[in-house]
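target-v1.cif (mmCIF, C-alpha atoms)
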```
data_target
#
loop_
_atom_site.group_PDB
_atom_site.id
_atom_site.type_symbol
_atom_site.label_atom_id
_atom_site.label_comp_id
_atom_site.auth_asym_id
_atom_site.auth_seq_id
_atom_site.Cartn_x
_atom_site.Cartn_y
_atom_site.Cartn_z
ATOM 1 C CA MET A 1 50.667 117.572 -33.947
ATOM 2 C CA LYS A 2 50.812 113.895 -34.617
ATOM 3 C CA LYS A 3 53.411 112.631 -36.331
ATOM 4 C CA ASN A 4 57.397 105.951 -44.457
ATOM 5 C CA ILE A 5 61.139 106.326 -47.778
ATOM 6 C CA SER A 6 60.357 104.310 -50.763
ATOM 7 C CA PHE A 7 63.114 103.479 -53.149
ATOM 8 C CA LYS A 8 62.417 107.011 -54.405
ATOM 9 C CA TYR A 9 62.377 108.625 -50.964
ATOM 10 C CA LEU A 10 58.694 109.524 -51.004
ATOM 11 C CA LEU A 11 57.740 111.533 -47.938
ATOM 12 C CA ILE A 12 53.998 111.633 -47.343
ATOM 13 C CA ALA A 13 51.544 114.295 -46.207
ATOM 14 C CA GLY A 14 52.518 117.303 -44.220
ATOM 15 C CA ILE A 15 55.951 118.151 -45.639
ATOM 16 C CA CYS A 16 56.564 119.612 -49.100
ATOM 17 C CA SER A 17 60.163 118.474 -49.584
ATOM 18 C CA ALA A 18 61.411 114.934 -49.213
ATOM 19 C CA VAL A 19 64.478 115.031 -47.015
ATOM 20 C CA ALA A 20 65.971 118.506 -47.196
ATOM 21 C CA PHE A 21 63.233 120.292 -45.250
ATOM 22 C CA THR A 22 63.312 123.338 -47.522
ATOM 23 C CA GLY A 23 60.481 122.810 -50.020
ATOM 24 C CA CYS A 24 57.461 124.682 -48.557
ATOM 25 C CA ARG A 25 57.418 128.384 -49.192
ATOM 26 C CA LYS A 26 55.766 129.786 -46.161
ATOM 27 C CA GLU A 27 57.334 131.580 -43.231
ATOM 28 C CA THR A 28 59.484 129.066 -41.407
ATOM 29 C CA THR A 29 61.404 129.220 -38.184
ATOM 30 C CA ALA A 30 64.466 130.023 -40.309
ATOM 31 C CA ASP A 31 62.733 133.085 -41.737
ATOM 32 C CA LYS A 32 61.834 134.239 -38.254
ATOM 33 C CA ILE A 33 65.392 133.677 -37.063
ATOM 34 C CA THR A 34 66.678 135.821 -39.936
ATOM 35 C CA THR A 35 64.187 138.590 -39.284
ATOM 36 C CA GLU A 36 64.876 138.622 -35.585
ATOM 37 C CA ALA A 37 68.630 138.629 -36.120
ATOM 38 C CA LEU A 38 68.407 141.590 -38.481
ATOM 39 C CA ASN A 39 66.187 143.484 -36.095
ATOM 40 C CA ASN A 40 68.174 143.173 -32.904
ATOM 41 C CA GLY A 41 71.737 142.420 -33.928
ATOM 42 C CA LEU A 42 71.885 138.942 -32.341
ATOM 43 C CA SER A 43 73.261 135.754 -33.877
ATOM 44 C CA PHE A 44 70.875 132.820 -33.549
ATOM 45 C CA ILE A 45 70.850 129.037 -33.627
ATOM 46 C CA GLY A 46 67.675 127.056 -34.234
ATOM 47 C CA PHE A 47 65.762 124.363 -36.109
ATOM 48 C CA PRO A 48 64.527 125.876 -39.386
ATOM 49 C CA ASP A 49 61.550 123.570 -39.815
ATOM 50 C CA GLY A 50 60.157 123.395 -36.335
ATOM 51 C CA LEU A 51 60.285 120.918 -33.500
ATOM 52 C CA GLU A 52 58.416 117.988 -35.022
ATOM 53 C CA GLN A 53 60.112 116.236 -37.941
ATOM 54 C CA PRO A 54 58.083 113.370 -39.477
ATOM 55 C CA HIS A 55 59.751 110.640 -41.530
ATOM 56 C CA PHE A 56 57.073 108.181 -42.666
ATOM 57 C CA PHE A 57 58.403 105.833 -45.291
ATOM 58 C CA ASP A 58 57.202 103.303 -47.823
ATOM 59 C CA PRO A 59 58.844 99.909 -47.323
ATOM 60 C CA PHE A 60 62.490 99.328 -48.070
ATOM 61 C CA THR A 61 64.823 96.474 -47.287
ATOM 62 C CA ASP A 62 68.256 97.995 -47.593
ATOM 63 C CA ILE A 63 70.063 100.929 -46.019
ATOM 64 C CA LYS A 64 68.819 104.402 -46.882
ATOM 65 C CA THR A 65 70.119 107.817 -45.903
ATOM 66 C CA VAL A 66 67.874 110.507 -44.458
ATOM 67 C CA ASP A 67 68.397 113.968 -43.002
ATOM 68 C CA VAL A 68 66.804 113.709 -39.576
ATOM 69 C CA PHE A 69 66.815 117.453 -38.950
ATOM 70 C CA SER A 70 68.926 120.524 -39.610
ATOM 71 C CA ILE A 71 70.306 123.312 -37.431
ATOM 72 C CA LYS A 72 70.660 126.824 -38.819
ATOM 73 C CA ARG A 73 73.264 129.314 -37.641
ATOM 74 C CA ASP A 74 72.071 132.789 -38.482
ATOM 75 C CA ALA A 75 74.992 135.133 -37.887
ATOM 76 C CA LYS A 76 74.454 138.861 -37.698
ATOM 77 C CA SER A 77 78.099 139.613 -38.350
ATOM 78 C CA ALA A 78 80.735 138.135 -40.667
ATOM 79 C CA ALA A 79 82.924 137.624 -37.603
ATOM 80 C CA ASP A 80 80.307 135.402 -35.984
ATOM 81 C CA LEU A 81 79.953 133.360 -39.149
ATOM 82 C CA GLN A 82 83.720 132.746 -39.280
ATOM 83 C CA LYS A 83 83.827 131.161 -35.843
ATOM 84 C CA ASP A 84 84.309 127.479 -35.088
ATOM 85 C CA GLN A 85 81.311 126.597 -32.942
ATOM 86 C CA THR A 86 80.007 123.303 -31.560
ATOM 87 C CA ILE A 87 76.342 123.036 -30.644
ATOM 88 C CA THR A 88 75.435 120.334 -28.125
ATOM 89 C CA LEU A 89 72.093 118.539 -28.143
ATOM 90 C CA LYS A 90 71.035 116.346 -25.248
ATOM 91 C CA ALA A 91 69.146 113.120 -26.023
ATOM 92 C CA LEU A 92 65.838 112.917 -24.142
ATOM 93 C CA PRO A 93 64.443 109.359 -24.377
ATOM 94 C CA ALA A 94 61.999 110.030 -21.529
ATOM 95 C CA ALA A 95 60.460 112.860 -23.571
ATOM 96 C CA ILE A 96 59.129 110.250 -26.006
ATOM 97 C CA ASP A 97 57.047 108.661 -23.236
ATOM 98 C CA LYS A 98 55.676 112.062 -22.305
ATOM 99 C CA TYR A 99 54.848 112.801 -25.939
ATOM 100 C CA ASN A 100 52.950 109.502 -26.119
ATOM 101 C CA ASP A 101 51.020 110.331 -22.954
ATOM 102 C CA ASP A 102 50.145 113.801 -24.215
ATOM 103 C CA ASN A 103 49.170 112.768 -27.753
ATOM 104 C CA GLY A 104 47.816 109.217 -27.452
ATOM 105 C CA THR A 105 50.624 107.782 -29.577
ATOM 106 C CA ALA A 106 52.903 104.755 -29.113
ATOM 107 C CA TYR A 107 56.362 105.763 -30.350
ATOM 108 C CA GLU A 108 59.451 103.912 -29.127
ATOM 109 C CA LEU A 109 63.019 105.163 -28.981
ATOM 110 C CA LEU A 110 64.717 104.455 -32.323
ATOM 111 C CA PRO A 111 67.289 101.763 -31.414
ATOM 112 C CA THR A 112 70.880 102.447 -32.405
ATOM 113 C CA SER A 113 70.892 98.995 -34.061
ATOM 114 C CA LEU A 114 68.617 100.416 -36.783
ATOM 115 C CA TYR A 115 70.810 103.329 -37.834
ATOM 116 C CA THR A 116 74.301 104.769 -38.022
ATOM 117 C CA ILE A 117 75.248 108.451 -38.071
ATOM 118 C CA SER A 118 76.592 109.580 -41.420
ATOM 119 C CA SER A 119 76.783 113.336 -40.819
ATOM 120 C CA PRO A 120 80.374 114.497 -41.358
ATOM 121 C CA LYS A 121 80.034 117.168 -38.659
ATOM 122 C CA VAL A 122 77.731 115.490 -36.135
ATOM 123 C CA THR A 123 78.886 112.954 -33.567
ATOM 124 C CA ALA A 124 77.196 111.171 -30.675
ATOM 125 C CA ASP A 125 78.480 110.085 -27.299
ATOM 126 C CA ALA A 126 77.621 106.880 -25.416
ATOM 127 C CA ALA A 127 74.423 108.435 -24.063
ATOM 128 C CA GLY A 128 73.249 109.485 -27.525
ATOM 129 C CA ASN A 129 73.899 113.199 -27.008
ATOM 130 C CA LEU A 130 74.913 115.014 -30.209
ATOM 131 C CA SER A 131 77.675 117.503 -31.003
ATOM 132 C CA ALA A 132 77.099 119.508 -34.174
ATOM 133 C CA LYS A 133 80.209 121.346 -35.400
ATOM 134 C CA PHE A 134 79.991 124.562 -37.430
ATOM 135 C CA ALA A 135 83.146 125.405 -39.357
ATOM 136 C CA PRO A 136 83.818 128.964 -40.568
ATOM 137 C CA GLY A 137 81.250 129.857 -43.210
ATOM 138 C CA ASP A 138 78.755 127.125 -42.311
ATOM 139 C CA PHE A 139 75.196 128.401 -42.227
ATOM 140 C CA GLN A 140 73.365 125.090 -41.769
ATOM 141 C CA ASN A 141 74.279 121.670 -40.430
ATOM 142 C CA TYR A 142 72.373 118.426 -41.067
ATOM 143 C CA PHE A 143 72.014 115.483 -38.708
ATOM 144 C CA THR A 144 72.022 112.627 -41.238
ATOM 145 C CA ILE A 145 71.645 108.928 -40.497
ATOM 146 C CA LYS A 146 71.628 105.683 -42.456
ATOM 147 C CA LEU A 147 68.539 103.627 -41.615
ATOM 148 C CA ASN A 148 68.646 99.853 -41.904
ATOM 149 C CA GLY A 149 65.138 99.194 -43.180
ATOM 150 C CA ALA A 150 65.654 95.425 -43.257
ATOM 151 C CA LYS A 151 65.689 95.474 -39.454
ATOM 152 C CA PHE A 152 62.579 97.615 -38.953
ATOM 153 C CA ASP A 153 59.600 96.104 -37.160
ATOM 154 C CA LEU A 154 56.699 97.201 -39.381
ATOM 155 C CA THR A 155 54.282 97.111 -36.477
ATOM 156 C CA LYS A 156 56.229 99.787 -34.554
ATOM 157 C CA LYS A 157 56.798 103.512 -34.822
ATOM 158 C CA TYR A 158 60.007 105.069 -33.549
ATOM 159 C CA ALA A 159 61.198 108.483 -32.425
ATOM 160 C CA LEU A 160 64.250 110.448 -31.350
ATOM 161 C CA ALA A 161 64.110 113.452 -29.035
ATOM 162 C CA TYR A 162 66.694 116.186 -28.354
ATOM 163 C CA THR A 163 67.071 119.636 -26.879
ATOM 164 C CA ILE A 164 69.862 122.222 -27.305
ATOM 165 C CA THR A 165 71.924 122.398 -24.122
ATOM 166 C CA ASP A 166 74.962 124.374 -25.367
ATOM 167 C CA ALA A 167 74.521 126.969 -28.107
ATOM 168 C CA ALA A 168 78.224 127.961 -28.144
ATOM 169 C CA GLY A 169 77.461 131.535 -27.213
ATOM 170 C CA LEU A 170 74.677 131.994 -29.757
ATOM 171 C CA THR A 171 71.115 132.805 -28.786
ATOM 172 C CA VAL A 172 68.746 129.855 -29.110
ATOM 173 C CA HIS A 173 65.741 131.044 -31.039
ATOM 174 C CA ALA A 174 62.587 130.986 -28.932
ATOM 175 C CA ALA A 175 60.867 128.562 -31.330
ATOM 176 C CA SER A 176 63.743 126.103 -30.892
ATOM 177 C CA LYS A 177 64.079 126.008 -27.120
ATOM 178 C CA ASP A 178 61.731 123.081 -26.515
ATOM 179 C CA THR A 179 62.200 119.409 -27.338
ATOM 180 C CA LEU A 180 62.892 118.467 -30.964
ATOM 181 C CA TYR A 181 61.169 115.235 -32.028
ATOM 182 C CA SER A 182 61.927 113.127 -35.109
ATOM 183 C CA PHE A 183 59.470 110.355 -35.910
ATOM 184 C CA PHE A 184 60.064 107.234 -38.008
ATOM 185 C CA ALA A 185 57.712 104.509 -39.285
ATOM 186 C CA ILE A 186 57.420 102.165 -42.250
ATOM 187 C CA LYS A 187 54.386 101.718 -44.492
ATOM 188 C CA ASN A 188 53.906 98.573 -46.536
ATOM 189 C CA LYS A 189 52.599 98.868 -50.102
ATOM 190 C CA TYR A 190 48.999 98.133 -49.102
ATOM 191 C CA ASP A 191 48.824 101.033 -46.665
ATOM 192 C CA GLY A 192 46.663 103.933 -47.829
ATOM 193 C CA ALA A 193 43.262 105.436 -48.555
ATOM 194 C CA TYR A 194 40.579 103.172 -50.033
ATOM 195 C CA HIS A 195 36.862 103.076 -50.809
ATOM 196 C CA SER A 196 34.721 100.115 -49.797
ATOM 197 C CA THR A 197 31.599 98.856 -51.588
ATOM 198 C CA GLY A 198 29.630 95.675 -51.031
ATOM 199 C CA THR A 199 26.820 94.078 -49.095
ATOM 200 C CA PHE A 200 26.272 93.204 -45.457
ATOM 201 C CA HIS A 201 23.919 90.191 -45.298
ATOM 202 C CA HIS A 202 21.841 90.008 -42.094
ATOM 203 C CA PRO A 203 19.789 86.816 -41.546
ATOM 204 C CA VAL A 204 16.848 88.704 -40.023
ATOM 205 C CA ASN A 205 17.018 92.314 -41.162
ATOM 206 C CA GLY A 206 18.059 91.563 -44.736
ATOM 207 C CA ASP A 207 20.806 93.138 -46.836
ATOM 208 C CA ARG A 208 22.294 96.608 -46.613
ATOM 209 C CA ALA A 209 24.772 98.286 -48.895
ATOM 210 C CA ILE A 210 28.314 99.142 -47.854
ATOM 211 C CA ASP A 211 29.608 102.344 -49.403
ATOM 212 C CA ARG A 212 32.285 104.128 -47.392
ATOM 213 C CA ASP A 213 35.847 105.383 -47.350
ATOM 214 C CA LYS A 214 38.372 103.363 -45.391
ATOM 215 C CA THR A 215 41.969 103.714 -44.323
ATOM 216 C CA LEU A 216 44.201 100.626 -44.398
ATOM 217 C CA THR A 217 47.088 100.867 -41.951
ATOM 218 C CA THR A 218 50.287 98.794 -41.892
ATOM 219 C CA ALA A 219 50.083 95.916 -39.424
ATOM 220 C CA GLY A 220 52.994 93.811 -40.726
ATOM 221 C CA ALA A 221 55.088 93.227 -43.848
ATOM 222 C CA THR A 222 52.048 92.165 -45.930
ATOM 223 C CA SER A 223 49.236 92.951 -43.481
ATOM 224 C CA VAL A 224 46.962 95.943 -42.994
ATOM 225 C CA SER A 225 44.260 96.734 -40.489
ATOM 226 C CA THR A 226 40.901 98.386 -41.147
ATOM 227 C CA GLU A 227 37.353 98.390 -39.813
ATOM 228 C CA ILE A 228 35.061 95.366 -40.150
ATOM 229 C CA GLY A 229 32.496 95.954 -42.887
ATOM 230 C CA ASP A 230 30.446 98.927 -41.760
ATOM 231 C CA ILE A 231 30.246 98.011 -38.090
ATOM 232 C CA GLY A 232 33.550 99.356 -36.802
ATOM 233 C CA GLY A 233 36.012 97.320 -34.782
ATOM 234 C CA SER A 234 39.193 96.120 -36.440
ATOM 235 C CA MET A 235 40.203 93.314 -38.797
ATOM 236 C CA ILE A 236 43.577 92.335 -40.232
ATOM 237 C CA LEU A 237 43.987 91.576 -43.945
ATOM 238 C CA THR A 238 47.088 89.497 -44.737
ATOM 239 C CA VAL A 239 48.122 88.975 -48.354
ATOM 240 C CA ASN A 240 49.855 85.778 -49.467
ATOM 241 C CA GLU A 241 51.959 87.394 -52.189
ATOM 242 C CA ALA A 242 52.615 84.037 -53.897
ATOM 243 C CA THR A 243 48.886 83.412 -54.496
ATOM 244 C CA ASN A 244 47.262 86.817 -53.760
ATOM 245 C CA GLU A 245 44.862 85.074 -51.391
ATOM 246 C CA VAL A 246 43.886 87.151 -48.372
ATOM 247 C CA THR A 247 43.380 85.919 -44.836
ATOM 248 C CA VAL A 248 40.812 87.925 -42.891
ATOM 249 C CA SER A 249 41.299 87.802 -39.131
ATOM 250 C CA GLY A 250 39.851 89.562 -36.141
ATOM 251 C CA ASN A 251 36.907 89.455 -33.768
ATOM 252 C CA VAL A 252 33.669 91.356 -33.457
ATOM 253 C CA SER A 253 33.624 90.144 -29.840
ATOM 254 C CA ALA A 254 35.250 87.411 -27.790
ATOM 255 C CA THR A 255 32.699 84.883 -29.112
ATOM 256 C CA GLN A 256 32.404 86.281 -32.641
ATOM 257 C CA PRO A 257 35.569 85.626 -34.648
ATOM 258 C CA LEU A 258 35.809 86.537 -38.316
ATOM 259 C CA LEU A 259 35.606 83.352 -40.389
ATOM 260 C CA PRO A 260 35.850 82.437 -44.095
ATOM 261 C CA VAL A 261 32.722 81.856 -46.180
ATOM 262 C CA ALA A 262 32.422 78.279 -47.462
ATOM 263 C CA GLY A 263 33.221 78.024 -51.151
ATOM 264 C CA LYS A 264 34.428 81.632 -51.437
ATOM 265 C CA LYS A 265 37.932 83.062 -51.192
ATOM 266 C CA SER A 266 39.204 86.471 -50.235
ATOM 267 C CA THR A 267 41.790 87.781 -52.695
ATOM 268 C CA TYR A 268 43.905 90.800 -53.598
ATOM 269 C CA ASP A 269 43.963 92.140 -57.167
ATOM 270 C CA PRO A 270 47.301 93.930 -57.752
ATOM 271 C CA SER A 271 46.160 95.485 -61.046
ATOM 272 C CA SER A 272 43.297 97.413 -59.439
ATOM 273 C CA ARG A 273 44.851 97.481 -55.968
ATOM 274 C CA SER A 274 41.658 95.990 -54.557
ATOM 275 C CA PHE A 275 40.822 93.605 -51.743
ATOM 276 C CA ILE A 276 37.890 91.344 -52.718
ATOM 277 C CA LEU A 277 36.670 89.939 -49.418
ATOM 278 C CA ASN A 278 34.180 87.322 -48.251
ATOM 279 C CA TYR A 279 33.922 86.762 -44.506
ATOM 280 C CA ARG A 280 31.380 86.122 -41.798
ATOM 281 C CA TYR A 281 30.932 86.102 -38.060
ATOM 282 C CA PRO A 282 28.500 84.115 -35.888
ATOM 283 C CA ALA A 283 25.596 85.597 -33.917
ATOM 284 C CA GLY A 284 22.509 84.305 -32.100
ATOM 285 C CA THR A 285 20.149 84.592 -35.068
ATOM 286 C CA GLY A 286 22.662 83.287 -37.615
ATOM 287 C CA ASP A 287 25.862 84.294 -39.334
ATOM 288 C CA ARG A 288 26.373 87.826 -40.562
ATOM 289 C CA VAL A 289 28.033 87.601 -43.996
ATOM 290 C CA VAL A 290 30.034 90.378 -45.622
ATOM 291 C CA GLU A 291 30.875 90.680 -49.321
ATOM 292 C CA GLU A 292 33.180 93.658 -49.680
ATOM 293 C CA THR A 293 35.527 95.152 -52.262
ATOM 294 C CA ILE A 294 38.025 97.642 -50.859
ATOM 295 C CA LYS A 295 39.648 99.560 -53.737
ATOM 296 C CA HIS A 296 42.594 101.932 -53.468
ATOM 297 C CA LYS A 297 41.703 105.509 -54.330
#
```
In structure tokens, write the structure found in this file.
Amino acid sequence: MKKNISFKYLLIAGICSAVAFTGCRKETTADKITTEALNNGLSFIGFPDGLEQPHFFDPFTDIKTVDVFSIKRDAKSAADLQKDQTITLKALPAAIDKYNDDNGTAYELLPTSLYTISSPKVTADAAGNLSAKFAPGDFQNYFTIKLNGAKFDLTKKYALAYTITDAAGLTVHAASKDTLYSFFAIKNKYDGAYHSTGTFHHPVNGDRAIDRDKTLTTAGATSVSTEIGDIGGSMILTVNEATNEVTVSGNVSATQPLLPVAGKKSTYDPSSRSFILNYRYPAGTGDRVVEETIKHK
């Protein structure tokens, strides 16, 4: 259920096509709409790719265009398809809070300052409600926006939420009657799946090997968060892109901050996409010291 565009519009896991929502060949809502229309003679309106539309992008700094979602008009008769029809979608900002409560997420409403509508047949009113116009012969209509990536806060994830309130006389397909969510977030170039190897030095118990998979998650323009060594918790790795030196920050507890190791630096190697880390934290029997290499898979 839980829900970044590079310069090449790379959409990550979960969706087969980048921004057209038509790449996976399995039965979609659109297929079901077609089947149902043929079976009972009704003309339908609905969202062909379901009610949750993820848009997780790699970093970008200029304005990019993305299809937020599409609406399909499946007309049983040629007469229905030749009609001018306007479908109305109500914006539901409060639904984002409920989604967060239900799913343990922290999405915020996508501010209008971050995007402009570029759909030729979709308009919005002052409250953010949408009107999608179908001209004669239109089967599918796209809600397309231009995102201003230079204004994105990389530490936040955003969402939009809508529901169909006026289907212009068409039947709203059952799978499209609930709230439609579109989710937006930015990944920096360090975000991804990694493998960690190294040594945890304990002053009493001796050394133990670190050998585990890790996920590094965007925490800022050049920062990622991940677990501390092999003990859990969370640390932030911030890359100085002028020098490739890495600052390791975080706390094991309120009295145990992560600190540098004297005479050793933490660095990032762009060629191998690896973080080479040296850090420590204080404890009653002496500092725990971690030597760790976190390499991108």
Taking a cut-off of 7 Å and counting only C-alpha atoms, can you build a table that, for each residue of segment 179-202 of chain A near segment 214-238 of chain A, reports the nearest atom pair and how far apart they are in Å (one decimal), sorted by chain then residue number, as JSON lines?
```
{"residue": "A:Lys187", "atom": "CA", "partner": "A:Thr218", "partner_atom": "CA", "distance": 5.7}
{"residue": "A:Asn188", "atom": "CA", "partner": "A:Thr218", "partner_atom": "CA", "distance": 5.9}
{"residue": "A:Tyr190", "atom": "CA", "partner": "A:Val224", "partner_atom": "CA", "distance": 6.8}
{"residue": "A:Asp191", "atom": "CA", "partner": "A:Thr217", "partner_atom": "CA", "distance": 5.0}
{"residue": "A:Gly192", "atom": "CA", "partner": "A:Leu216", "partner_atom": "CA", "distance": 5.4}
{"residue": "A:Ala193", "atom": "CA", "partner": "A:Thr215", "partner_atom": "CA", "distance": 4.7}
{"residue": "A:Tyr194", "atom": "CA", "partner": "A:Lys214", "partner_atom": "CA", "distance": 5.1}
{"residue": "A:His195", "atom": "CA", "partner": "A:Lys214", "partner_atom": "CA", "distance": 5.6}
{"residue": "A:Ser196", "atom": "CA", "partner": "A:Lys214", "partner_atom": "CA", "distance": 6.6}
```
Quiz item: So how many Å separate atom CA of Asp125 of chain A and atom CA of Ala167 of chain A, to one decimal?
Solution: 17.4 Å
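When the PyMOL selection byres ((chain A and resi 129) around 8) is run on the displayed coordinates, the residues it returns are Thr88, Leu89, Lys90, Ala91, Ala124, Asp125, Ala126, Ala127, Gly128, Leu130, Ser131 and Tyr162 of chain A.
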Quiz prompt | Interatomic distance, atom CA of Ile45 of chain A to atom CA of Asp74 of chain A (Å, one decimal) | solution = 6.3 Å
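Remark: for Gly198 of chain A, the closest of the candidate residues A:Asp102, A:Glu292, A:Glu108, A:Asp97 is A:Glu292 (distances computed over all atoms listed in the file).
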Exercise. List the neighbours of segment 281-287 of chain A out to 7 Å using only C-alpha atoms; skip same-chain residues closer than 4 positions along the sequence, and give me the result as a list in words.
Key: Pro203, Gln256, Pro257, Leu258 and Leu259 of chain A
Exercise. Find the spatial neighbours of Gln82 of chain A, counting all atoms listed in the file, within a cut-off of 12 Å - ignore same-chain residues fewer than 3 positions away - and output them as a ChimeraX atom specification.
Key: /A:73-79,85,134-139
Self-check item: Contacts of Arg208 of chain A within 12 Å, all atoms listed in the file, excl. fewer than 2 positions in-chain, as a list of chain:residue names
Solution: A:Thr197, A:Gly198, A:Thr199, A:Phe200, A:His201, A:His202, A:Pro203, A:Val204, A:Asn205, A:Gly206, A:Ile210, A:Asp211, A:Gly229, A:Asp230, A:Ile231, A:Arg288, A:Val289, A:Val290, A:Glu291, A:Glu292
Could you put an axis-aligned box around every listed atom of segment 260-276 of chain A, padded by 5 Å on each side, and send me its centre and edge lengths in Å to one decimal, as AutoDock Vina command-line options?
```
--center_x 39.9 --center_y 87.8 --center_z -52.6 --size_x 24.9 --size_y 29.5 --size_z 27.0
```
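Residues in contact with Pro120 of chain A at up to 9 Å, not including ones fewer than 3 positions away on its chain and judged by only C-alpha atoms, are Ile117, Thr123, Tyr142, Phe143 and Thr144 of chain A.
For the atom pair formed by atom CA of Thr255 of chain A and atom CA of Leu277 of chain A, the distance is 21.3 Å, given to one decimal.
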Self-check item: Selection result of the PyMOL selection byres ((chain A and resi 240) around 12) on this file, as a ChimeraX atom specification
Solution: /A:221-223,237-239,241-248,266-270
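With all atoms listed in the file as the atoms that count, the residue of A:Ala262, A:Val66, A:Ile87, A:Ala185 with the shortest distance to Ala132 of chain A is A:Ile87.
Compared by their closest atoms to Asp213 of chain A, and using only C-alpha atoms, the residues A:Phe57, A:Gly169, A:Asn100, A:Thr293 rank with A:Thr293 nearest.
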Quiz prompt | Residue with smallest distance to Pro48 of chain A - pool A:Arg273, A:Arg212, A:Lys265, A:Lys72, counting only C-alpha atoms | solution = A:Lys72
Is it possible to dump segment 151-169 of chain A as a PDB file, in the first residue's frame, including just C-alpha atoms?
```pdb
ATOM      1  CA  LYS A 151      11.791  24.130  -4.799  1.00  0.00           C
ATOM      2  CA  PHE A 152      11.327  20.629  -3.372  1.00  0.00           C
ATOM      3  CA  ASP A 153      12.297  19.993   0.238  1.00  0.00           C
ATOM      4  CA  LEU A 154      14.209  16.703  -0.024  1.00  0.00           C
ATOM      5  CA  THR A 155      13.316  15.760   3.525  1.00  0.00           C
ATOM      6  CA  LYS A 156       9.565  15.764   2.761  1.00  0.00           C
ATOM      7  CA  LYS A 157       7.133  13.579   0.867  1.00  0.00           C
ATOM      8  CA  TYR A 158       4.025  15.067  -0.703  1.00  0.00           C
ATOM      9  CA  ALA A 159       0.628  13.856  -1.857  1.00  0.00           C
ATOM     10  CA  LEU A 160      -2.549  14.911  -3.625  1.00  0.00           C
ATOM     11  CA  ALA A 161      -5.938  13.328  -2.985  1.00  0.00           C
ATOM     12  CA  TYR A 162      -9.161  13.445  -5.038  1.00  0.00           C
ATOM     13  CA  THR A 163     -12.488  11.723  -5.470  1.00  0.00           C
ATOM     14  CA  ILE A 164     -14.971  11.823  -8.383  1.00  0.00           C
ATOM     15  CA  THR A 165     -17.997  13.893  -7.399  1.00  0.00           C
ATOM     16  CA  ASP A 166     -19.648  14.385 -10.822  1.00  0.00           C
ATOM     17  CA  ALA A 167     -19.330  11.678 -13.468  1.00  0.00           C
ATOM     18  CA  ALA A 168     -21.412  13.584 -16.063  1.00  0.00           C
ATOM     19  CA  GLY A 169     -24.006  10.855 -16.251  1.00  0.00           C
TER      20      GLY A 169
END
```
